[in-house]
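Data file: work_2.cif. Format and content: mmCIF, C-alpha atoms.
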data_input
#
loop_
_atom_site.label_atom_id
_atom_site.label_comp_id
_atom_site.auth_asym_id
_atom_site.auth_seq_id
_atom_site.Cartn_x
_atom_site.Cartn_y
_atom_site.Cartn_z
CA MET A 116 -58.76 -151.00 -92.75
CA SER A 117 -58.50 -153.68 -95.41
CA ALA A 118 -60.67 -156.79 -95.05
CA TYR A 119 -59.57 -160.06 -96.54
CA TYR A 120 -62.10 -162.80 -97.28
CA LEU A 121 -60.56 -166.30 -97.35
CA PHE A 122 -62.58 -169.30 -98.53
CA SER A 123 -61.74 -173.01 -98.02
CA MET A 124 -63.43 -176.04 -99.53
CA PRO A 125 -64.02 -179.53 -97.95
CA ASN A 126 -61.39 -182.02 -99.14
CA CYS A 127 -64.15 -184.35 -100.45
CA LEU A 128 -65.05 -181.80 -103.08
CA LEU A 129 -61.53 -182.03 -104.49
CA ASP A 130 -61.29 -185.87 -104.48
CA ASN A 131 -61.93 -187.28 -107.96
CA SER A 132 -62.20 -190.80 -106.53
CA ILE A 133 -65.51 -190.04 -104.86
CA HIS A 134 -67.90 -190.55 -107.71
CA PRO A 135 -71.13 -189.12 -106.15
CA TYR A 136 -69.54 -185.72 -105.97
CA SER A 137 -67.79 -185.62 -109.33
CA ASN A 138 -70.45 -183.41 -110.95
CA LEU A 139 -70.37 -181.06 -108.01
CA GLN A 140 -66.58 -180.93 -108.18
CA THR A 141 -66.67 -180.01 -111.86
CA MET A 142 -69.22 -177.30 -111.18
CA MET A 143 -67.09 -175.80 -108.39
CA LYS A 144 -63.99 -175.76 -110.59
CA LYS A 145 -65.89 -173.89 -113.29
CA THR A 146 -67.25 -171.46 -110.73
CA LEU A 147 -63.78 -170.81 -109.32
CA LEU A 148 -62.33 -170.18 -112.78
CA SER A 149 -65.19 -167.81 -113.54
CA LEU A 150 -64.50 -165.89 -110.33
CA ILE A 151 -60.80 -165.61 -111.19
CA PHE A 152 -61.55 -164.36 -114.69
CA ALA A 153 -64.08 -161.81 -113.43
CA ALA A 154 -61.68 -160.66 -110.76
CA LEU A 155 -58.90 -160.09 -113.26
CA LEU A 156 -61.22 -157.97 -115.39
CA ASN A 157 -62.63 -155.93 -112.51
CA THR A 158 -59.34 -155.13 -110.78
CA HIS A 159 -58.09 -153.56 -113.98
CA ALA A 160 -60.93 -151.08 -113.68
CA LEU A 161 -60.12 -150.50 -110.02
CA ALA A 162 -56.52 -149.64 -110.86
CA ALA A 163 -57.62 -147.12 -113.46
CA ASP A 164 -59.50 -145.02 -110.94
CA PRO A 165 -57.71 -145.03 -107.56
CA VAL A 166 -59.57 -143.45 -104.67
CA ALA A 167 -57.92 -141.49 -101.89
CA SER A 168 -58.09 -143.18 -98.54
CA ALA A 169 -59.55 -141.47 -95.52
CA PRO A 170 -57.05 -139.08 -93.90
CA ALA A 171 -54.91 -141.42 -91.88
CA VAL A 172 -51.31 -142.38 -91.43
CA GLN A 173 -50.56 -146.06 -91.51
CA GLY A 174 -49.03 -148.07 -88.71
CA GLU A 175 -45.98 -147.07 -86.70
CA ALA A 176 -44.66 -144.84 -89.46
CA GLN A 177 -47.22 -142.16 -88.58
CA PRO A 178 -45.68 -138.69 -88.96
CA GLN A 179 -45.44 -136.72 -85.76
CA PRO A 180 -46.79 -133.17 -85.44
CA LEU A 181 -44.31 -130.48 -86.40
CA LEU A 182 -41.89 -129.36 -83.73
CA HIS A 183 -42.03 -125.70 -84.66
CA SER A 184 -45.03 -123.59 -83.67
CA ILE A 185 -46.57 -120.32 -84.75
CA ASN A 186 -49.16 -117.77 -83.80
CA SER A 187 -51.85 -117.43 -86.39
CA PRO A 188 -50.30 -115.62 -89.31
CA THR A 189 -50.49 -111.90 -89.02
CA THR A 190 -52.32 -109.93 -91.67
CA PRO A 191 -49.97 -108.83 -94.46
CA PRO A 192 -49.00 -105.17 -94.27
CA GLU A 193 -50.76 -102.65 -96.45
CA ILE A 194 -48.77 -102.46 -99.68
CA ALA A 195 -49.01 -99.47 -101.99
CA ALA A 196 -48.64 -101.21 -105.34
CA THR A 197 -50.78 -102.47 -108.19
CA ALA A 198 -49.83 -106.10 -107.56
CA TYR A 199 -47.47 -108.14 -105.44
CA ILE A 200 -46.55 -111.64 -104.36
CA VAL A 201 -44.15 -112.98 -101.74
CA THR A 202 -42.99 -116.60 -101.65
CA ASP A 203 -40.74 -118.87 -99.61
CA LEU A 204 -38.42 -120.72 -101.98
CA HIS A 205 -37.64 -123.59 -99.59
CA SER A 206 -41.27 -124.55 -99.11
CA LYS A 207 -42.45 -123.18 -102.48
CA GLN A 208 -45.40 -121.58 -100.67
CA THR A 209 -46.99 -118.22 -101.39
CA LEU A 210 -47.22 -116.23 -98.15
CA ALA A 211 -49.23 -113.29 -99.44
CA SER A 212 -50.33 -111.84 -102.75
CA ASN A 213 -52.57 -109.29 -104.39
CA ASN A 214 -53.58 -109.36 -108.05
CA ALA A 215 -51.02 -112.13 -108.57
CA ASP A 216 -52.51 -113.17 -111.92
CA ALA A 217 -53.50 -109.73 -113.16
CA PRO A 218 -51.71 -108.73 -116.39
CA ILE A 219 -48.98 -106.10 -116.06
CA GLU A 220 -46.32 -104.58 -118.27
CA PRO A 221 -43.21 -106.32 -116.93
CA ALA A 222 -40.89 -103.53 -118.14
CA ALA A 223 -37.23 -104.37 -117.44
CA LEU A 224 -38.22 -107.35 -115.28
CA THR A 225 -38.41 -108.94 -118.74
CA GLN A 226 -34.63 -109.05 -118.68
CA MET A 227 -34.75 -111.75 -116.01
CA MET A 228 -35.75 -114.06 -118.85
CA THR A 229 -33.06 -112.61 -121.10
CA ALA A 230 -30.54 -113.35 -118.35
CA TYR A 231 -31.99 -116.83 -117.80
CA LEU A 232 -31.44 -117.72 -121.46
CA ALA A 233 -27.95 -116.18 -121.38
CA PHE A 234 -27.04 -118.33 -118.37
CA LYS A 235 -28.45 -121.36 -120.19
CA ALA A 236 -26.30 -120.53 -123.24
CA LEU A 237 -23.21 -120.33 -121.04
CA GLU A 238 -24.01 -123.69 -119.49
CA ASN A 239 -24.63 -125.51 -122.77
CA GLY A 240 -21.66 -123.89 -124.54
CA THR A 241 -23.61 -121.78 -127.01
CA LEU A 242 -21.85 -118.75 -125.54
CA GLU A 243 -18.60 -118.29 -123.64
CA ALA A 244 -18.05 -115.54 -121.08
CA SER A 245 -14.91 -114.29 -122.85
CA GLN A 246 -16.49 -114.40 -126.30
CA MET A 247 -16.49 -111.03 -128.08
CA LEU A 248 -19.66 -109.92 -129.84
CA THR A 249 -20.28 -107.20 -132.42
CA VAL A 250 -22.83 -104.54 -131.53
CA SER A 251 -25.54 -104.04 -134.17
CA ASN A 252 -27.08 -100.73 -135.14
CA ALA A 253 -30.35 -101.92 -133.63
CA ALA A 254 -28.67 -102.40 -130.26
CA TRP A 255 -26.79 -99.12 -130.51
CA LYS A 256 -29.94 -97.12 -131.29
CA VAL A 257 -32.29 -98.80 -128.80
CA GLU A 258 -34.10 -96.45 -126.41
CA GLY A 259 -34.13 -96.57 -122.62
CA SER A 260 -31.42 -97.67 -120.19
CA ARG A 261 -28.10 -98.45 -121.84
CA MET A 262 -24.50 -99.34 -121.06
CA PHE A 263 -23.46 -97.17 -124.06
CA LEU A 264 -22.14 -99.80 -126.41
CA ASP A 265 -20.23 -98.77 -129.53
CA PRO A 266 -20.85 -100.60 -132.85
CA LYS A 267 -17.16 -100.18 -133.63
CA VAL A 268 -16.01 -101.86 -130.42
CA PRO A 269 -16.65 -105.59 -129.78
CA VAL A 270 -17.88 -106.40 -126.28
CA SER A 271 -17.54 -109.54 -124.15
CA VAL A 272 -20.48 -111.73 -123.24
CA SER A 273 -19.46 -111.30 -119.60
CA SER A 274 -19.82 -107.51 -119.83
CA LEU A 275 -23.15 -107.79 -121.62
CA ILE A 276 -24.58 -110.06 -118.92
CA LYS A 277 -23.42 -107.62 -116.24
CA GLY A 278 -24.99 -104.78 -118.17
CA THR A 279 -28.28 -106.67 -118.30
CA THR A 280 -28.38 -107.89 -114.69
CA ILE A 281 -26.98 -104.77 -113.01
CA GLN A 282 -27.90 -101.84 -115.24
CA SER A 283 -31.01 -103.15 -117.07
CA ALA A 284 -29.18 -102.08 -120.22
CA ASN A 285 -31.36 -102.47 -123.29
CA ASP A 286 -28.42 -102.37 -125.70
CA ALA A 287 -26.83 -105.26 -123.80
CA ALA A 288 -30.07 -107.26 -123.87
CA ILE A 289 -30.44 -106.76 -127.64
CA THR A 290 -26.83 -107.82 -128.31
CA LEU A 291 -27.20 -110.97 -126.22
CA ALA A 292 -30.51 -111.77 -127.89
CA GLU A 293 -29.01 -111.46 -131.37
CA ALA A 294 -26.17 -113.79 -130.44
CA ILE A 295 -28.36 -116.46 -128.83
CA GLY A 296 -31.02 -116.15 -131.56
CA ASN A 297 -28.45 -116.65 -134.36
CA GLY A 298 -28.79 -113.05 -135.43
CA SER A 299 -32.57 -112.92 -135.08
CA ILE A 300 -34.40 -111.09 -132.32
CA ASP A 301 -37.58 -112.89 -133.35
CA GLU A 302 -35.88 -116.25 -132.84
CA PHE A 303 -34.72 -115.20 -129.38
CA VAL A 304 -38.21 -113.99 -128.45
CA LYS A 305 -39.53 -117.39 -129.56
CA GLN A 306 -37.08 -119.01 -127.16
CA MET A 307 -38.23 -116.66 -124.39
CA ASN A 308 -41.84 -117.71 -124.82
CA GLU A 309 -40.97 -121.39 -125.08
CA GLU A 310 -38.98 -121.16 -121.84
CA ALA A 311 -41.82 -119.29 -120.15
CA LYS A 312 -44.21 -122.07 -121.13
CA ARG A 313 -41.83 -124.75 -119.88
CA LEU A 314 -41.48 -123.01 -116.52
CA GLY A 315 -45.25 -122.73 -116.12
CA MET A 316 -45.59 -118.98 -116.70
CA LYS A 317 -49.14 -119.34 -117.99
CA HIS A 318 -50.03 -115.65 -118.21
CA THR A 319 -46.86 -114.36 -119.88
CA HIS A 320 -46.07 -113.38 -123.46
CA PHE A 321 -42.89 -111.62 -124.50
CA ASN A 322 -42.46 -109.45 -127.60
CA ASN A 323 -38.88 -108.34 -127.01
CA PRO A 324 -35.84 -109.05 -124.79
CA THR A 325 -35.72 -105.59 -123.17
CA GLY A 326 -39.14 -104.97 -121.68
CA ILE A 327 -39.82 -101.87 -123.78
CA SER A 328 -43.59 -101.33 -123.79
CA SER A 329 -45.35 -103.20 -126.59
CA ASN A 330 -48.93 -104.25 -127.19
CA GLY A 331 -49.30 -107.83 -125.94
CA HIS A 332 -46.01 -107.85 -124.02
CA VAL A 333 -47.44 -108.93 -120.66
CA SER A 334 -46.77 -110.96 -117.55
CA THR A 335 -47.98 -111.21 -113.95
CA VAL A 336 -46.25 -110.96 -110.60
CA GLY A 337 -47.12 -114.64 -110.07
CA ASP A 338 -45.34 -115.66 -113.27
CA LEU A 339 -42.38 -113.42 -112.54
CA ALA A 340 -42.03 -115.10 -109.13
CA ILE A 341 -41.74 -118.43 -110.97
CA LEU A 342 -39.01 -116.95 -113.17
CA ALA A 343 -37.14 -115.48 -110.18
CA ALA A 344 -37.18 -118.86 -108.44
CA ALA A 345 -35.87 -120.53 -111.61
CA LEU A 346 -32.98 -118.06 -111.85
CA ILE A 347 -31.98 -118.71 -108.24
CA ASN A 348 -32.42 -122.49 -108.28
CA ASP A 349 -31.25 -123.34 -111.79
CA TYR A 350 -28.23 -121.06 -112.05
CA PRO A 351 -26.70 -120.55 -108.58
CA LYS A 352 -23.31 -120.03 -110.25
CA TYR A 353 -24.49 -116.87 -112.02
CA TYR A 354 -27.19 -115.61 -109.67
CA PRO A 355 -24.70 -113.58 -107.51
CA LEU A 356 -24.34 -111.16 -110.44
CA PHE A 357 -27.65 -109.61 -109.39
CA ALA A 358 -26.12 -108.54 -106.06
CA ASN A 359 -23.49 -106.25 -107.63
CA LYS A 360 -24.12 -102.64 -106.66
CA SER A 361 -22.56 -101.10 -109.75
CA PHE A 362 -20.90 -101.84 -113.07
CA LYS A 363 -18.42 -99.79 -115.04
CA TYR A 364 -18.15 -99.99 -118.80
CA ASN A 365 -16.52 -97.60 -121.25
CA ASN A 366 -15.41 -95.49 -118.27
CA ILE A 367 -19.02 -94.97 -117.27
CA GLU A 368 -20.02 -96.44 -113.92
CA GLN A 369 -23.71 -96.92 -113.26
CA PRO A 370 -25.30 -98.05 -109.98
CA ASN A 371 -27.72 -100.91 -109.52
CA ARG A 372 -31.16 -99.32 -109.14
CA ASN A 373 -32.24 -101.84 -106.50
CA LEU A 374 -32.06 -99.61 -103.42
CA LEU A 375 -32.48 -102.56 -101.04
CA LEU A 376 -28.97 -103.75 -101.91
CA TYR A 377 -27.62 -100.71 -100.09
CA ARG A 378 -29.93 -100.96 -97.07
CA ASP A 379 -30.18 -104.63 -96.13
CA SER A 380 -27.25 -107.06 -96.18
CA SER A 381 -29.63 -110.01 -96.59
CA ILE A 382 -30.79 -108.71 -99.98
CA ASP A 383 -28.88 -110.20 -102.92
CA GLY A 384 -31.09 -109.39 -105.91
CA LEU A 385 -32.95 -109.25 -108.09
CA LYS A 386 -34.17 -106.75 -110.69
CA THR A 387 -35.84 -103.39 -111.16
CA GLY A 388 -38.20 -102.20 -113.87
CA TYR A 389 -40.11 -99.10 -114.87
CA SER A 390 -42.45 -97.95 -117.58
CA GLU A 391 -44.57 -94.82 -117.74
CA GLY A 392 -47.76 -96.81 -118.01
CA ALA A 393 -46.96 -99.54 -115.45
CA GLY A 394 -45.04 -97.64 -112.78
CA TYR A 395 -42.10 -98.90 -110.73
CA HIS A 396 -41.41 -102.62 -110.28
CA LEU A 397 -39.00 -104.55 -108.08
CA ALA A 398 -38.14 -108.23 -107.88
CA ALA A 399 -36.31 -108.69 -104.59
CA SER A 400 -34.78 -111.64 -102.78
CA SER A 401 -33.64 -111.97 -99.17
CA LYS A 402 -31.62 -114.80 -97.67
CA ARG A 403 -31.77 -114.78 -93.89
CA ASN A 404 -31.82 -117.43 -91.13
CA ASN A 405 -31.47 -120.24 -93.69
CA ARG A 406 -34.55 -119.04 -95.55
CA ARG A 407 -34.92 -117.59 -99.03
CA ILE A 408 -37.80 -115.18 -99.57
CA VAL A 409 -38.66 -113.67 -102.97
CA SER A 410 -41.04 -110.78 -103.55
CA ILE A 411 -42.31 -109.34 -106.82
CA LEU A 412 -43.91 -105.91 -106.60
CA ALA A 413 -45.40 -103.98 -109.52
CA GLY A 414 -46.90 -100.55 -109.98
CA ALA A 415 -45.34 -98.56 -107.14
CA GLU A 416 -45.25 -94.78 -107.38
CA SER A 417 -41.50 -94.22 -107.23
CA THR A 418 -38.09 -95.85 -106.84
CA GLU A 419 -38.29 -95.18 -103.10
CA ALA A 420 -41.81 -96.62 -102.84
CA ARG A 421 -40.94 -99.86 -104.61
CA ALA A 422 -37.99 -100.33 -102.23
CA SER A 423 -39.86 -99.53 -99.01
CA GLU A 424 -42.97 -101.52 -99.93
CA SER A 425 -40.87 -104.52 -100.93
CA SER A 426 -38.95 -104.25 -97.66
CA LYS A 427 -42.26 -104.43 -95.78
CA LEU A 428 -43.20 -107.64 -97.54
CA LEU A 429 -39.84 -109.31 -97.01
CA ASN A 430 -39.56 -108.38 -93.34
CA TRP A 431 -43.13 -109.44 -92.60
CA SER A 432 -42.54 -112.80 -94.27
CA LEU A 433 -39.37 -113.43 -92.31
CA GLN A 434 -40.84 -112.36 -88.97
CA ALA A 435 -44.36 -113.83 -89.19
CA PHE A 436 -43.42 -117.31 -90.43
CA ASP A 437 -41.03 -120.17 -89.82
CA THR A 438 -39.89 -122.70 -92.42
CA PRO A 439 -38.81 -125.87 -90.63
CA LYS A 440 -37.72 -128.99 -92.44
CA LEU A 441 -40.61 -131.46 -92.42
CA TYR A 442 -38.81 -134.56 -93.71
CA ASN A 443 -35.41 -135.45 -95.11
CA GLY A 444 -35.17 -136.58 -98.67
CA GLY A 445 -35.32 -140.37 -98.80
CA GLU A 446 -36.79 -140.66 -95.31
CA VAL A 447 -39.49 -143.32 -95.01
CA ILE A 448 -42.66 -141.78 -93.58
CA SER A 449 -44.96 -144.74 -94.14
CA GLN A 450 -45.66 -147.77 -96.28
CA VAL A 451 -48.43 -148.44 -98.78
CA LYS A 452 -49.78 -151.90 -99.54
CA VAL A 453 -49.03 -153.03 -103.08
CA TYR A 454 -51.17 -155.45 -105.05
CA LYS A 455 -49.85 -157.70 -107.84
CA GLY A 456 -46.26 -156.77 -106.98
CA SER A 457 -42.99 -158.54 -106.28
CA THR A 458 -43.27 -157.11 -102.74
CA LYS A 459 -46.36 -156.57 -100.63
CA ALA A 460 -45.59 -152.95 -99.66
CA VAL A 461 -43.59 -149.95 -100.83
CA ASP A 462 -41.89 -147.27 -98.74
CA ILE A 463 -43.20 -143.77 -99.36
CA GLY A 464 -41.81 -140.35 -98.59
CA PHE A 465 -40.06 -137.55 -100.51
CA LEU A 466 -37.07 -137.74 -102.85
CA ASP A 467 -35.80 -134.31 -101.70
CA ASP A 468 -35.85 -132.48 -98.38
CA VAL A 469 -39.30 -131.08 -97.68
CA TYR A 470 -39.88 -127.76 -95.91
CA ILE A 471 -43.11 -126.25 -94.72
CA THR A 472 -43.81 -122.59 -94.03
CA ILE A 473 -46.08 -122.06 -91.04
CA PRO A 474 -47.04 -119.05 -88.91
CA HIS A 475 -44.43 -118.27 -86.27
CA ASP A 476 -44.71 -120.02 -82.91
CA THR A 477 -47.77 -122.24 -83.36
CA GLY A 478 -46.35 -125.57 -84.53
CA LYS A 479 -48.16 -127.46 -81.77
CA ASN A 480 -51.41 -126.60 -83.54
CA VAL A 481 -50.21 -127.95 -86.87
CA LYS A 482 -50.73 -131.60 -87.81
CA PRO A 483 -49.61 -133.48 -90.92
CA ILE A 484 -52.09 -136.04 -92.26
CA LEU A 485 -51.22 -138.60 -94.90
CA GLU A 486 -53.68 -139.61 -97.60
CA THR A 487 -52.73 -142.46 -99.92
CA LEU A 488 -54.26 -143.65 -103.16
CA GLN A 489 -55.95 -147.06 -103.01
CA PRO A 490 -55.54 -149.60 -104.42
CA VAL A 491 -51.88 -149.37 -105.53
CA LEU A 492 -50.97 -151.89 -108.22
CA ALA A 493 -47.54 -152.86 -109.52
CA PRO A 494 -45.54 -151.98 -111.45
CA ILE A 495 -44.54 -148.84 -109.54
CA GLU A 496 -41.77 -146.46 -110.54
CA LYS A 497 -39.49 -144.67 -108.10
CA GLY A 498 -40.86 -141.15 -107.66
CA GLN A 499 -44.41 -142.12 -108.63
CA VAL A 500 -46.98 -140.09 -106.70
CA LEU A 501 -48.88 -142.33 -104.30
CA GLY A 502 -50.58 -139.79 -102.09
CA LYS A 503 -50.50 -136.39 -100.43
CA LEU A 504 -49.32 -135.09 -97.10
CA LYS A 505 -51.75 -132.41 -95.97
CA VAL A 506 -50.65 -130.00 -93.27
CA MET A 507 -53.67 -128.96 -91.22
CA LYS A 508 -54.18 -126.07 -88.81
CA ASP A 509 -57.49 -125.43 -87.08
CA GLY A 510 -59.17 -127.87 -89.45
CA LYS A 511 -57.89 -126.08 -92.57
CA ILE A 512 -55.30 -127.20 -95.09
CA ILE A 513 -52.37 -124.78 -95.05
CA ALA A 514 -50.09 -126.81 -97.35
CA GLU A 515 -50.03 -129.97 -99.45
CA LYS A 516 -47.07 -132.03 -100.60
CA ASP A 517 -47.06 -134.98 -103.00
CA VAL A 518 -45.80 -138.21 -101.42
CA VAL A 519 -43.95 -140.58 -103.73
CA ALA A 520 -42.61 -144.12 -103.90
CA LEU A 521 -39.02 -144.23 -102.65
CA THR A 522 -38.29 -147.41 -104.61
CA GLY A 523 -39.68 -149.15 -107.64
CA VAL A 524 -41.77 -152.32 -107.45
CA GLU A 525 -41.94 -154.79 -110.30
CA GLU A 526 -44.91 -157.00 -111.13
CA GLY A 527 -45.17 -160.17 -109.06
CA SER A 528 -45.51 -163.73 -110.23
CA TRP A 529 -48.56 -164.93 -112.12
CA LEU A 530 -49.82 -166.60 -108.95
CA ARG A 531 -49.40 -163.36 -106.93
CA ARG A 532 -51.24 -161.32 -109.58
CA MET A 533 -54.06 -163.86 -109.78
CA TRP A 534 -54.50 -164.04 -106.00
CA ASP A 535 -54.48 -160.26 -105.58
CA ALA A 536 -56.96 -159.96 -108.43
CA ILE A 537 -59.35 -162.23 -106.52
CA VAL A 538 -58.80 -160.27 -103.29
CA LEU A 539 -59.48 -156.94 -105.00
CA TRP A 540 -62.54 -158.32 -106.73
CA PHE A 541 -64.05 -159.41 -103.42
CA LYS A 542 -63.08 -156.09 -101.81
CA GLY A 543 -64.94 -154.35 -104.62
CA LEU A 544 -68.05 -156.39 -103.90
CA PHE A 545 -68.21 -155.24 -100.31
CA SER A 546 -66.91 -151.67 -100.62
#
What would the structure in this file look like if it were written as structure tokens?
Amino acid sequence: MSAYYLFSMPNCLLDNSIHPYSNLQTMMKKTLLSLIFAALLNTHALAADPVASAPAVQGEAQPQPLLHSINSPTTPPEIAATAYIVTDLHSKQTLASNNADAPIEPAALTQMMTAYLAFKALENGTLEASQMLTVSNAAWKVEGSRMFLDPKVPVSVSSLIKGTTIQSANDAAITLAEAIGNGSIDEFVKQMNEEAKRLGMKHTHFNNPTGISSNGHVSTVGDLAILAAALINDYPKYYPLFANKSFKYNNIEQPNRNLLLYRDSSIDGLKTGYSEGAGYHLAASSKRNNRRIVSILAGAESTEARASESSKLLNWSLQAFDTPKLYNGGEVISQVKVYKGSTKAVDIGFLDDVYITIPHDTGKNVKPILETLQPVLAPIEKGQVLGKLKVMKDGKIIAEKDVVALTGVEEGSWLRRMWDAIVLWFKGLFS
């Protein structure tokens, strides 16, 4: 709780007509001005180092416990793979992982980034779907999976993107890379790495657009999960391409190697990969019961193993957890006191809908607790982080979400700033 210390002075001390007290009056005025000046200096330091309040929700806006419940989360199934991760895209929570940050050869999962940059080029007008491209000798001669391009026959950007997303065609990836990189594979690879850095793929470095094994061409299942989420969220218009079960080009029809597309109607992507040194990879995505689950699995022993092990992860995630909506975007969950502002408080909440993934059927044991930063000084921008909502279960934090200002607050008048400076200075004395 905040304590306010208010001081009043006897009227005689402010009456210049009473001569015996004139010296005392002057002294008090000087003292008051000194206090104001010191307060202004000290509250600047307070604002520079806000301290989280004790876990508490303020006033009547206190969030209620979640309506959905869960049993304690079941242990993830045994997964026969070098590394894996499974995430819920609505809540952005990792549900299970193993060796998530261990370096792997991404193999053809690399082409998720190639596709991402191709989609970006379509959106910004660098490429057009109907645009015809010439196939270089480098693309024609590339090893590995191909859609059998002919250097003598121009090919559409649309066909090349299908070849990349459905067939993992290396010749298609090279041709797209040359077009987007202004004729330079090196320039395209530079763009790949810049995009990876922007997305937060901290353990990834690309050497080529195909995924062909190369010293230093590495990623992690954790980073690839970030990339998969970006493909789904940033380019929903193009993402359905990954669900196609086959693609025919030059009278040669090739199937999508993602076996889960043929076995589970909720699966709509994403990408397969293989290298002799790394084994069999699969990035898979399932949309079921208004949830979107993504798994990245690396180092399985066969095409069948990567499909069955990925299916285990996806089904476990969908059956063992719920993902209810915690708050609507723009919903006021509480208020935070504002010092030196044009208003005395600011509404806080989330700009977008917020979901939380919790073990199935134990919501009554889950409690959200709001922690806010104190003191909060104007000016405040809309979207500025002012605290965290921690979701607790059995005394442990199972999720955290940043809470932000729903509106901006400008600085208050000079009088308001001065008064709040004094208040904060006295609070600092007794804190």
Here CA of Gly326 in chain A and CA of Ile289 in chain A stand apart by 10.7 Å
Nearest to Pro483 in chain A: which of A:Thr290, A:Glu515, A:Lys459, A:Leu501 is it, counting all atoms listed in the file?
->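 Among the listed residues, A:Glu515 lies closest to Pro483 in chain A.
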Give me the residues near range 373-383 of chain A as a count of residues only, where near means some atom within 10 Å (using all atoms listed in the file) and where sequence neighbours in that chain fewer than 3 positions away do not count. 33
Might you pull out every residue within 12 Å of Phe321 in chain A, with all atoms listed in the file counted and same-chain residues fewer than 2 positions away left off, and present them as an NGL selection string?
-> :A and (219-229 or 300-312 or 316-319 or 323-335)
**OP:** Rank A:Met262, A:Val447, A:Ala288, A:Ala211 by their smallest atom-to-atom distance to Glu193 in chain A, using all atoms listed in the file, and report the top residue only.
**Re:**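 Of A:Met262, A:Val447, A:Ala288, A:Ala211, the one nearest Glu193 in chain A, counting all atoms listed in the file, is A:Ala211.
Between Leu275 in chain A and the candidates A:Lys363, A:Arg313, A:Lys235, A:His205, the tightest atom-to-atom separation, counting all atoms listed in the file, involves A:Lys363.
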